[in-house]
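Pasting target_1.cif here (mmCIF, C-alpha atoms):
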```
data_protein
loop_
_atom_site.group_PDB
_atom_site.id
_atom_site.type_symbol
_atom_site.label_atom_id
_atom_site.label_comp_id
_atom_site.auth_asym_id
_atom_site.auth_seq_id
_atom_site.Cartn_x
_atom_site.Cartn_y
_atom_site.Cartn_z
ATOM 1 C CA MET A 1 -8.486 1.615 1.164
ATOM 2 C CA ASP A 2 -9.233 5.293 1.046
ATOM 3 C CA ASP A 3 -6.848 6.150 -1.751
ATOM 4 C CA PHE A 4 -6.586 4.674 -5.192
ATOM 5 C CA PRO A 5 -3.201 3.115 -5.900
ATOM 6 C CA TYR A 6 -0.920 4.612 -8.506
ATOM 7 C CA VAL A 7 -0.905 2.587 -11.729
ATOM 8 C CA ALA A 8 2.150 3.399 -13.825
ATOM 9 C CA ASP A 9 1.166 1.266 -16.810
ATOM 10 C CA ARG A 10 -0.707 -1.822 -17.952
ATOM 11 C CA THR A 11 2.256 -4.014 -16.996
ATOM 12 C CA ALA A 12 1.702 -3.172 -13.316
ATOM 13 C CA LEU A 13 -1.892 -4.414 -13.579
ATOM 14 C CA ASN A 14 -0.757 -7.551 -15.403
ATOM 15 C CA ASP A 15 1.865 -8.249 -12.726
ATOM 16 C CA ALA A 16 -0.636 -7.706 -9.927
ATOM 17 C CA GLN A 17 -3.099 -10.065 -11.604
ATOM 18 C CA ALA A 18 -0.392 -12.687 -12.147
ATOM 19 C CA LEU A 19 0.582 -12.531 -8.467
ATOM 20 C CA ILE A 20 -3.046 -12.878 -7.377
ATOM 21 C CA LEU A 21 -3.527 -15.902 -9.638
ATOM 22 C CA ALA A 22 -0.269 -17.554 -8.572
ATOM 23 C CA PHE A 23 -0.222 -16.739 -4.835
ATOM 24 C CA GLY A 24 -3.843 -16.050 -3.908
ATOM 25 C CA SER A 25 -4.145 -14.351 -0.539
ATOM 26 C CA ALA A 26 -0.335 -14.240 -0.236
ATOM 27 C CA ALA A 27 0.065 -12.133 -3.406
ATOM 28 C CA ALA A 28 0.738 -8.903 -1.499
ATOM 29 C CA ASP A 29 3.347 -10.717 0.596
ATOM 30 C CA GLU A 30 5.074 -11.900 -2.578
ATOM 31 C CA ALA A 31 5.115 -8.363 -4.005
ATOM 32 C CA PHE A 32 6.577 -7.157 -0.693
ATOM 33 C CA ALA A 33 9.279 -9.849 -0.878
ATOM 34 C CA ARG A 34 10.154 -8.829 -4.431
ATOM 35 C CA ALA A 35 10.394 -5.198 -3.345
ATOM 36 C CA ASP A 36 12.643 -6.262 -0.480
ATOM 37 C CA ARG A 37 14.945 -8.182 -2.839
ATOM 38 C CA SER A 38 15.130 -5.203 -5.184
ATOM 39 C CA ARG A 39 16.022 -2.898 -2.295
ATOM 40 C CA ASP A 40 18.719 -5.305 -1.120
ATOM 41 C CA LEU A 41 20.181 -5.273 -4.641
ATOM 42 C CA GLY A 42 20.164 -1.467 -4.657
ATOM 43 C CA ASN A 43 17.525 -1.247 -7.379
ATOM 44 C CA HIS A 44 15.335 1.570 -6.091
ATOM 45 C CA ILE A 45 13.247 1.719 -9.261
ATOM 46 C CA HIS A 46 12.132 -1.917 -8.983
ATOM 47 C CA PHE A 47 11.721 -1.487 -5.239
ATOM 48 C CA CYS A 48 9.217 1.337 -5.802
ATOM 49 C CA ARG A 49 7.512 -0.580 -8.605
ATOM 50 C CA TRP A 50 6.955 -3.705 -6.485
ATOM 51 C CA ARG A 51 5.712 -1.640 -3.531
ATOM 52 C CA GLN A 52 3.148 -0.014 -5.812
ATOM 53 C CA ILE A 53 2.137 -3.442 -7.107
ATOM 54 C CA GLU A 54 1.781 -4.592 -3.489
ATOM 55 C CA ARG A 55 -0.704 -1.765 -2.889
ATOM 56 C CA LEU A 56 -2.453 -2.519 -6.167
ATOM 57 C CA VAL A 57 -2.854 -6.195 -5.190
ATOM 58 C CA GLY A 58 -4.483 -5.131 -1.932
ATOM 59 C CA TRP A 59 -6.829 -2.808 -3.762
ATOM 60 C CA LEU A 60 -7.786 -5.412 -6.383
ATOM 61 C CA SER A 61 -8.305 -8.054 -3.689
ATOM 62 C CA ALA A 62 -10.517 -5.868 -1.493
ATOM 63 C CA GLY A 63 -13.698 -7.421 -2.861
ATOM 64 C CA ARG A 64 -15.518 -4.125 -3.140
ATOM 65 C CA ALA A 65 -15.768 -1.292 -5.606
ATOM 66 C CA ASP A 66 -14.389 2.160 -4.807
ATOM 67 C CA GLY A 67 -15.130 5.345 -6.659
ATOM 68 C CA THR A 68 -17.590 5.826 -9.464
ATOM 69 C CA ILE A 69 -19.164 2.715 -10.956
ATOM 70 C CA HIS A 70 -20.471 3.029 -14.510
#
```
Give the structure from the file, written as structure tokens.
Amino acid sequence: MDDFPYVADRTALNDAQALILAFGSAAADEAFARADRSRDLGNHIHFCRWRQIERLVGWLSAGRADGTIH
């Protein structure tokens, strides 16, 4: 990924980690499904949140470091 994902708060990181632990390589798919359900319910805030978590899962699962490493 060329861009760093937006991280709204620590809860987003916790949710991304929980999805990765529970669903493994399908974690991004699960975040996408949750975003889809939120959209279908008319909850645009949760839709956006789960889409960001989907991107965050992909970034965390990339297996490489981006940016500055200290």
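Within the file as shown, the PyMOL selection byres ((chain A and resi 12) around 10) identifies Tyr6, Val7, Ala8, Asp9, Arg10, Thr11, Leu13, Asn14, Asp15, Ala16, Gln17, Ala18, Arg49, Trp50, Gln52, Ile53, Glu54, Leu56 and Val57 of chain A.
Residue nearest Arg55 of chain A within the list A:Ala33, A:Arg39, A:Ser25, A:Phe4: A:Phe4 [criterion: smallest interatomic distance, only C-alpha atoms].
Under the PyMOL selection byres ((chain A and resi 47) around 8), the matching residues in the shown file are Arg34, Ala35, Asp36, Arg37, Ser38, Arg39, Asn43, His44, Ile45, His46, Cys48, Arg49, Trp50 and Arg51 of chain A.
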Checklist entry - By how many Å are atom CA of Pro5 of chain A and atom CA of Ala22 of chain A apart? => result 21.0 Å
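You will find atom CA of Gly24 of chain A at 12.4 Å from atom CA of Ala62 of chain A.
As for atom CA of Gly58 of chain A and atom CA of Ala31 of chain A, they are spaced 10.3 Å apart.
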